[in-house]
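The data block below is work34.txt; it holds compact mmCIF, C-alpha atoms and all ligand atoms.
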# COMPACT_ATOMS: atom_id res chain seq x y z
CA MET A 15 56.38 158.14 151.26
CA THR A 16 58.48 157.42 154.32
CA ARG A 17 56.65 156.83 157.57
CA LEU A 18 58.69 158.00 160.52
CA ARG A 19 59.43 155.38 163.18
CA GLU A 20 59.60 155.91 166.92
CA GLU A 21 63.36 155.22 166.84
CA ASP A 22 63.86 157.94 164.19
CA ILE A 23 62.58 160.65 166.49
CA TYR A 24 63.09 159.51 170.09
CA ASP A 25 66.03 161.86 170.77
CA VAL A 26 65.07 164.84 168.58
CA GLY A 27 63.44 166.85 171.37
CA ALA A 28 66.36 166.43 173.79
CA ASN A 29 68.96 167.31 171.15
CA LEU A 30 67.46 170.53 169.77
CA SER A 31 70.05 172.85 171.35
CA TYR A 32 72.87 170.68 170.06
CA TYR A 33 71.30 170.54 166.59
CA ASP A 34 70.83 174.31 166.59
CA ARG A 35 74.54 174.81 167.34
CA GLN A 36 75.48 172.39 164.55
CA LEU A 37 73.34 174.39 162.13
CA ILE A 38 75.01 177.65 163.18
CA HIS A 39 78.38 176.01 162.60
CA LYS A 40 77.52 174.64 159.15
CA VAL A 41 74.96 177.07 157.78
CA GLY A 42 75.83 180.25 159.67
CA THR A 43 72.39 180.54 161.21
CA ASN A 44 70.12 178.42 163.39
CA LEU A 45 66.86 176.55 162.88
CA ALA A 46 64.77 179.72 163.18
CA GLY A 47 67.10 181.53 160.79
CA ILE A 48 66.76 178.78 158.18
CA ALA A 49 62.95 178.62 158.48
CA ALA A 50 62.71 182.41 158.25
CA HIS A 51 65.04 182.45 155.21
CA ALA A 52 62.70 179.92 153.54
CA LEU A 53 60.15 182.74 153.62
CA GLY A 54 62.55 185.52 152.72
CA LYS A 55 62.45 186.80 156.31
CA THR A 56 64.51 186.87 159.50
CA PRO A 57 63.59 185.32 162.89
CA GLY A 58 63.05 188.82 164.29
CA ASP A 59 60.03 189.17 162.00
CA PHE A 60 58.21 186.52 164.05
CA VAL A 61 59.07 187.56 167.61
CA ALA A 62 56.09 189.88 168.03
CA ILE A 63 53.65 187.01 167.48
CA HIS A 64 55.27 184.52 169.89
CA ASP A 65 52.68 185.18 172.58
CA THR A 66 49.59 185.29 170.38
CA ALA A 67 50.06 182.08 168.43
CA LEU A 68 48.98 179.20 170.70
CA ILE A 69 49.62 175.96 168.83
CA GLY A 70 47.84 172.61 169.27
CA VAL A 71 49.33 169.33 168.06
CA ILE A 72 46.69 166.65 167.52
CA PRO A 73 47.59 162.93 167.49
CA VAL A 74 45.84 161.06 164.66
CA THR A 75 45.03 157.35 165.00
CA CYS A 76 43.80 156.47 161.50
CA GLY A 77 45.77 154.24 159.12
CA GLN A 78 48.86 152.85 160.82
CA GLY A 79 48.07 154.83 163.95
CA ILE A 80 50.01 156.97 166.35
CA ILE A 81 53.81 157.09 166.21
CA GLY A 82 55.08 157.17 169.79
CA GLY A 83 56.69 160.54 170.46
CA PHE A 84 55.66 162.14 167.15
CA SER A 85 53.28 164.77 168.54
CA THR A 86 55.47 165.62 171.54
CA THR A 87 58.49 165.98 169.24
CA VAL A 88 56.56 168.41 167.04
CA GLN A 89 55.53 170.28 170.21
CA LYS A 90 59.15 170.47 171.41
CA ILE A 91 60.39 171.82 168.08
CA ILE A 92 57.70 174.53 168.13
CA GLU A 93 58.53 175.42 171.76
CA PHE A 94 62.22 175.53 170.91
CA LEU A 95 61.37 178.27 168.41
CA GLY A 96 59.88 180.31 171.25
CA PHE A 97 56.18 179.55 170.78
CA THR A 98 53.65 177.99 173.13
CA ALA A 99 52.39 174.57 172.09
CA PHE A 100 50.45 171.67 173.59
CA VAL A 101 49.55 168.15 172.55
CA THR A 102 45.85 167.42 172.93
CA ALA A 103 44.92 164.75 175.48
CA THR A 104 42.44 163.29 173.00
CA ASN A 105 42.99 162.19 169.40
CA ASP A 106 41.40 162.77 166.01
CA VAL A 107 38.12 164.73 165.90
CA SER A 108 37.99 164.99 169.71
CA GLY A 109 41.53 166.34 169.62
CA LEU A 110 40.58 168.95 167.05
CA ALA A 111 37.63 170.09 169.18
CA GLU A 112 39.87 170.10 172.26
CA ALA A 113 42.54 172.18 170.52
CA VAL A 114 39.99 174.79 169.44
CA LYS A 115 38.32 174.88 172.90
CA LYS A 116 41.73 175.42 174.51
CA GLY A 117 42.31 178.42 172.25
CA ALA A 118 44.70 177.01 169.64
CA ARG A 119 45.18 179.43 166.77
CA ILE A 120 47.33 176.98 164.81
CA ILE A 121 47.08 173.18 164.64
CA PHE A 122 49.54 170.51 163.48
CA LEU A 123 48.32 167.03 162.56
CA ALA A 124 49.49 164.09 160.44
CA ASP A 125 48.10 160.87 159.04
CA ASP A 126 49.93 158.33 156.87
CA ASN A 127 49.77 160.54 153.77
CA ASP A 128 49.84 164.14 154.92
CA PHE A 129 51.34 166.24 157.64
CA VAL A 130 49.96 169.77 157.76
CA ALA A 131 49.96 172.95 159.80
CA ILE A 132 46.77 175.01 159.63
CA ASN A 133 46.30 178.55 160.91
CA LEU A 134 42.65 178.60 161.99
CA VAL A 135 42.60 182.40 162.07
CA ASN A 136 44.12 183.40 158.73
CA GLY A 137 43.33 180.19 156.80
CA GLN A 138 46.97 179.48 155.86
CA VAL A 139 47.85 175.81 155.30
CA SER A 140 51.37 174.39 155.05
CA ASP A 141 52.21 170.92 153.75
CA ASN A 142 55.19 169.23 155.38
CA GLY A 143 56.63 167.99 152.07
CA GLU A 144 56.65 171.37 150.34
CA ALA A 145 57.81 173.22 153.47
CA THR A 146 60.59 170.72 154.11
CA GLY A 147 61.89 171.13 150.57
CA ARG A 148 61.81 174.90 150.88
CA GLY A 149 63.51 174.83 154.28
CA TYR A 150 66.34 172.57 153.11
CA ALA A 151 66.79 174.67 149.98
CA ALA A 152 67.04 177.75 152.21
CA ALA A 153 69.68 175.98 154.31
CA LEU A 154 71.69 175.10 151.20
CA ASP A 155 71.38 178.67 149.93
CA LEU A 156 72.82 179.96 153.21
CA MET A 157 75.46 177.23 153.50
CA SER A 158 76.77 177.92 149.97
CA GLY A 159 76.89 181.70 150.34
CA GLY A 160 73.99 182.06 147.89
CA VAL A 161 72.89 179.85 144.99
CA GLN A 162 72.26 182.64 142.50
CA GLY A 163 73.79 181.72 139.14
CA LYS A 164 75.02 178.36 140.49
CA ASN A 165 74.08 174.83 139.41
CA VAL A 166 71.79 173.08 141.88
CA LEU A 167 70.75 169.45 141.52
CA VAL A 168 67.49 168.35 143.12
CA ILE A 169 67.19 164.57 143.31
CA GLY A 170 63.57 163.50 143.68
CA ALA A 171 60.57 165.16 142.04
CA GLY A 172 58.01 164.59 144.79
CA PRO A 173 56.56 167.35 146.99
CA VAL A 174 59.87 167.85 148.87
CA GLY A 175 61.86 168.16 145.64
CA ALA A 176 59.22 170.50 144.23
CA GLY A 177 59.43 172.78 147.27
CA ALA A 178 63.23 172.84 146.99
CA ALA A 179 63.22 173.45 143.23
CA ALA A 180 60.73 176.30 143.55
CA PHE A 181 62.87 178.04 146.18
CA MET A 182 66.08 177.54 144.19
CA THR A 183 64.51 178.82 140.99
CA ALA A 184 63.25 181.91 142.80
CA GLN A 185 66.80 182.51 144.10
CA GLY A 186 68.14 182.57 140.54
CA ALA A 187 69.93 179.20 140.56
CA ARG A 188 70.18 176.94 137.52
CA VAL A 189 68.08 174.04 138.77
CA LEU A 190 68.45 170.50 137.42
CA VAL A 191 65.97 167.92 138.65
CA HIS A 192 66.48 164.17 138.51
CA ASP A 193 64.00 161.44 139.32
CA ILE A 194 64.00 157.78 138.29
CA ASP A 195 60.46 158.53 137.11
CA THR A 196 61.16 161.12 134.39
CA GLU A 197 57.43 161.79 133.97
CA LYS A 198 57.39 163.29 137.47
CA VAL A 199 60.10 165.75 136.46
CA GLU A 200 58.18 166.66 133.30
CA LYS A 201 55.11 167.31 135.45
CA MET A 202 57.18 169.51 137.76
CA ARG A 203 58.40 171.43 134.71
CA GLN A 204 54.83 172.36 133.83
CA VAL A 205 54.62 174.21 137.15
CA LEU A 206 58.25 175.36 137.22
CA PRO A 207 59.21 175.95 133.58
CA GLY A 208 62.65 177.23 134.63
CA ILE A 209 63.94 173.83 135.77
CA GLU A 210 65.96 171.45 133.59
CA VAL A 211 65.43 167.70 133.41
CA ALA A 212 68.56 165.81 134.49
CA LYS A 213 68.16 162.44 132.79
CA GLU A 214 71.53 161.04 133.82
CA LEU A 215 72.26 161.21 137.54
CA HIS A 216 75.96 160.62 136.92
CA ALA A 217 76.26 163.60 134.56
CA ALA A 218 74.22 165.82 136.88
CA LEU A 219 76.32 164.92 139.93
CA THR A 220 79.47 165.66 137.95
CA GLU A 221 78.12 169.07 136.99
CA CYS A 222 76.52 170.14 140.29
CA LYS A 223 78.20 170.65 143.65
CA LEU A 224 75.05 171.84 145.38
CA VAL A 225 72.67 168.95 145.89
CA VAL A 226 69.25 168.56 147.49
CA GLU A 227 68.64 164.85 148.10
CA ALA A 228 64.86 164.59 148.37
CA THR A 229 64.14 160.92 147.75
CA PRO A 230 62.87 158.17 150.07
CA ALA A 231 65.70 155.91 148.80
CA ALA A 232 69.02 155.02 150.44
CA ALA A 233 72.38 155.45 148.66
CA THR A 234 71.27 157.65 145.75
CA ILE A 235 74.57 159.56 145.77
CA ASP A 236 77.55 157.27 145.24
CA LYS A 237 80.68 157.81 147.34
CA LYS A 238 82.70 158.76 144.24
CA TYR A 239 80.82 162.09 144.06
CA ILE A 240 81.62 163.03 147.65
CA ASP A 241 84.52 165.46 147.26
CA GLN A 242 85.55 168.54 149.25
CA ASP A 243 83.38 170.86 147.15
CA ILE A 244 80.04 169.10 147.43
CA LEU A 245 77.34 170.52 149.73
CA ILE A 246 74.34 168.29 150.43
CA SER A 247 71.01 169.24 151.89
CA ALA A 248 69.23 165.95 152.49
CA PRO A 249 65.64 165.93 153.70
CA GLY A 250 65.12 162.42 152.33
CA ILE A 251 64.60 159.59 154.81
CA PRO A 252 66.54 157.34 154.79
CA LEU A 253 69.59 159.45 154.02
CA GLY A 254 70.67 159.00 150.40
CA ILE A 255 74.39 158.53 151.14
CA ASP A 256 76.17 155.68 152.88
CA GLN A 257 77.78 155.91 156.33
CA GLU A 258 81.32 156.36 155.03
CA SER A 259 80.25 159.23 152.74
CA CYS A 260 78.32 160.68 155.64
CA VAL A 261 81.50 160.97 157.69
CA LEU A 262 83.42 162.47 154.74
CA VAL A 263 80.80 165.15 154.06
CA SER A 264 79.52 165.67 157.61
CA GLU A 265 80.69 169.31 157.75
CA ARG A 266 78.80 170.06 154.55
CA LEU A 267 75.70 167.93 155.10
CA ILE A 268 72.31 169.03 156.40
CA HIS A 269 70.03 166.19 157.45
CA ASP A 270 67.37 165.78 160.12
CA VAL A 271 64.07 163.96 160.48
CA LEU A 272 61.60 166.70 161.42
CA GLU A 273 63.22 169.90 162.65
CA ILE A 274 63.67 172.04 159.51
CA GLY A 275 60.34 170.87 158.08
CA VAL A 276 58.32 171.66 161.22
CA ALA A 277 60.05 175.02 161.73
CA THR A 278 59.35 176.02 158.11
CA MET A 279 55.72 174.84 158.34
CA LEU A 280 55.20 176.97 161.44
CA PHE A 281 56.71 180.13 159.98
CA THR A 282 54.78 179.59 156.75
CA VAL A 283 51.36 179.68 158.43
CA LEU A 284 52.07 182.46 160.94
O1 LIG B 301 49.67 161.31 164.97
C1 LIG B 301 50.52 160.43 164.79
O2 LIG B 301 51.29 160.07 165.70
C2 LIG B 301 50.64 159.79 163.42
N1 LIG B 301 49.37 159.76 162.77
C3 LIG B 301 51.71 160.52 162.67
C4 LIG B 301 51.92 160.06 161.28
C5 LIG B 301 53.08 160.77 160.63
N2 LIG B 301 52.98 160.64 159.22
C6 LIG B 301 53.98 160.26 158.45
O3 LIG B 301 55.10 160.02 158.86
C7 LIG B 301 53.59 160.13 157.01
N3 LIG B 301 54.55 159.38 156.28
C8 LIG B 301 53.30 161.47 156.38
C9 LIG B 301 54.46 162.40 156.42
C10 LIG B 301 54.33 163.46 155.38
C11 LIG B 301 55.69 163.89 155.04
N4 LIG B 301 55.70 164.83 154.00
Kindly return the structure encoded in the file as structure tokens.
Amino acid sequence: MTRLREEDIYDVGANLSYYDRQLIHKVGTNLAGIAAHALGKTPGDFVAIHDTALIGVIPVTCGQGIIGGFSTTVQKIIEFLGFTAFVTATNDVSGLAEAVKKGARIIFLADDNDFVAINLVNGQVSDNGEATGRGYAAALDLMSGGVQGKNVLVIGAGPVGAGAAAFMTAQGARVLVHDIDTEKVEKMRQVLPGIEVAKELHAALTECKLVVEATPAAATIDKKYIDQDILISAPGIPLGIDQESCVLVSERLIHDVLEIGVATMLFTVL
């Protein structure tokens, strides 16, 4: 699992408006639109609860400790979506108590293994991996004009890939899943019987022009597959294509470090 670094996120908060415009340009809707689509809804469905859902982000020190800027970046993404959020002054258990005392209805917190949003009122929990996969799948669905009946390749059978594959299957796509660990794909198939195992990445990339790259590996998609028809939604960190490919496919590539995942987590627990 990739641990975000301070340098991965330092400019995310300041660039949210720019990122939102890029999403509108590529996907046809913005961050809120993508997150809402991940739930089969529209951003308007959430407006009425903007004022009631106070959100606390709690820094967590265990394991490798706090990532500078992580909690404030999560706060900024939530605020960008029109909600009120604060980062607790204290960490860990004190932070949790502080968030509740200050009236938080929803909390966000992450350690080295998990990043979750919890709605303390309705009991909803959202895992960052699953939500990120669903959010990126929703973006690809919108960017491609709808995946129904189309071939979609999901690379990576971890929680992010599983979230993406579940969304794509529900949309009526033909979903192929590839992972270097084929057992992981078989396990995914027990939960999502509709998916197909893509043993050969080369064959799958030749067959599929809609790709979710959900691995923590660099350069999973070779430059030779980057043609004018390919659309890539890439939640994986680092990005699974090289710099040259990135330039070639930039108009048809969705990739960020936190934004779509956090937005989808928030809308999921509301
Ligand atoms: O509060 C903090 O600043 C830190 N404890 C944040 C840690 C963030 N955690 C990660 O980046 C982990 N790799 C878990 C991410 C889960 C992604 N699905």
Proximity to Ile274 in chain A - best of A:Pro207, A:Ala248, A:Asn127, A:Ala179, only C-alpha atoms: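 Result for the nearest residue to Ile274 in chain A: A:Ala248.
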- line: Across A:Ala49, A:Val135, A:Ile72, A:Leu167, the smallest distance to ligand LIG 301 (chain B), with only C-alpha atoms and all ligand atoms counted, is shown by A:Ile72
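Using only C-alpha atoms, the nearest neighbour of Ile38 in chain A within the list A:Glu265, A:Val107, A:Gly77, A:Glu112 is A:Glu265.
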task: Taking all atoms listed in the file into account, report as a ChimeraX atom specification which residues have an atom no farther than 6 Å from an atom of ligand LIG 301 (chain B).
output: /A:15-18,73-75,79-81,84-85,124-129,142-143
Selected residue, from A:Val174, A:Ile169, A:Val226, A:Val263, that lies nearest to Lys238 in chain A when counting all atoms listed in the file: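 Closest residue, counting all atoms listed in the file: A:Val263.
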Non-local contacts of Ala184 in chain A (12 Å; all atoms listed in the file; under 6 positions in same chain excluded) as an MDAnalysis selection string: chainID A and resid 52:54 148 151:152 155 160:163 177:178 206:209
Residues from last step as file, C-alpha atoms, as a tab-separated table (two decimals), keeping the file's coordinate frame:
chain	number	residue	atom	x	y	z
A	52	ALA	CA	62.70	179.92	153.54
A	53	LEU	CA	60.15	182.74	153.62
A	54	GLY	CA	62.55	185.52	152.72
A	148	ARG	CA	61.81	174.90	150.88
A	151	ALA	CA	66.79	174.67	149.98
A	152	ALA	CA	67.04	177.75	152.21
A	155	ASP	CA	71.38	178.67	149.93
A	160	GLY	CA	73.99	182.06	147.89
A	161	VAL	CA	72.89	179.85	144.99
A	162	GLN	CA	72.26	182.64	142.50
A	163	GLY	CA	73.79	181.72	139.14
A	177	GLY	CA	59.43	172.78	147.27
A	178	ALA	CA	63.23	172.84	146.99
A	206	LEU	CA	58.25	175.36	137.22
A	207	PRO	CA	59.21	175.95	133.58
A	208	GLY	CA	62.65	177.23	134.63
A	209	ILE	CA	63.94	173.83	135.77
Ref. answer, residues at most 7 Å from (71.9, 172.7, 140.7) with all atoms listed in the file, as a list in words: Lys164, Asn165, Val166, Leu167, Val168, Ala187, Arg188, Val189, Leu190, Cys222, Leu224 and Val225 of chain A
- request: Give me, please, the distance in Å between CA of Phe281 in chain A and CA of Val205 in chain A, quoted to one decimal.
  value: 23.7 Å
message: Show me, as a PyMOL selection string, the residues that have an atom within 9 Å of Gly83 in chain A when counting only C-alpha atoms, minus same-chain residues fewer than 5 positions from it.
response: chain A and resi 20+23-24+88
Completed range 99-110 of chain A (N, CA and C atoms) as a short mmCIF file (atom, residue, chain, number, x, y, z; two decimals), keeping the file's coordinate frame:
data_model
loop_
_atom_site.label_atom_id
_atom_site.label_comp_id
_atom_site.auth_asym_id
_atom_site.auth_seq_id
_atom_site.Cartn_x
_atom_site.Cartn_y
_atom_site.Cartn_z
N ALA A 99 53.08 175.66 172.77
CA ALA A 99 52.39 174.57 172.09
C ALA A 99 51.94 173.52 173.10
N PHE A 100 50.89 172.79 172.75
CA PHE A 100 50.45 171.67 173.59
C PHE A 100 50.00 170.52 172.70
N VAL A 101 50.10 169.32 173.24
CA VAL A 101 49.55 168.15 172.55
C VAL A 101 48.20 167.87 173.18
N THR A 102 47.18 167.67 172.37
CA THR A 102 45.85 167.42 172.93
C THR A 102 45.83 166.07 173.65
N ALA A 103 45.03 166.00 174.71
CA ALA A 103 44.92 164.75 175.48
C ALA A 103 44.13 163.72 174.70
N THR A 104 43.25 164.20 173.81
CA THR A 104 42.44 163.29 173.00
C THR A 104 42.93 163.32 171.56
N ASN A 105 42.50 162.33 170.77
CA ASN A 105 42.99 162.19 169.40
C ASN A 105 41.91 162.59 168.39
N ASP A 106 42.32 162.68 167.16
CA ASP A 106 41.40 162.77 166.01
C ASP A 106 40.40 163.93 166.16
N VAL A 107 39.12 163.65 165.89
CA VAL A 107 38.12 164.73 165.90
C VAL A 107 37.99 165.32 167.30
N SER A 108 38.04 164.47 168.33
CA SER A 108 37.99 164.99 169.71
C SER A 108 39.17 165.92 169.96
N GLY A 109 40.32 165.53 169.44
CA GLY A 109 41.53 166.34 169.62
C GLY A 109 41.39 167.69 168.94
N LEU A 110 40.79 167.69 167.76
CA LEU A 110 40.58 168.95 167.05
C LEU A 110 39.66 169.87 167.86
#
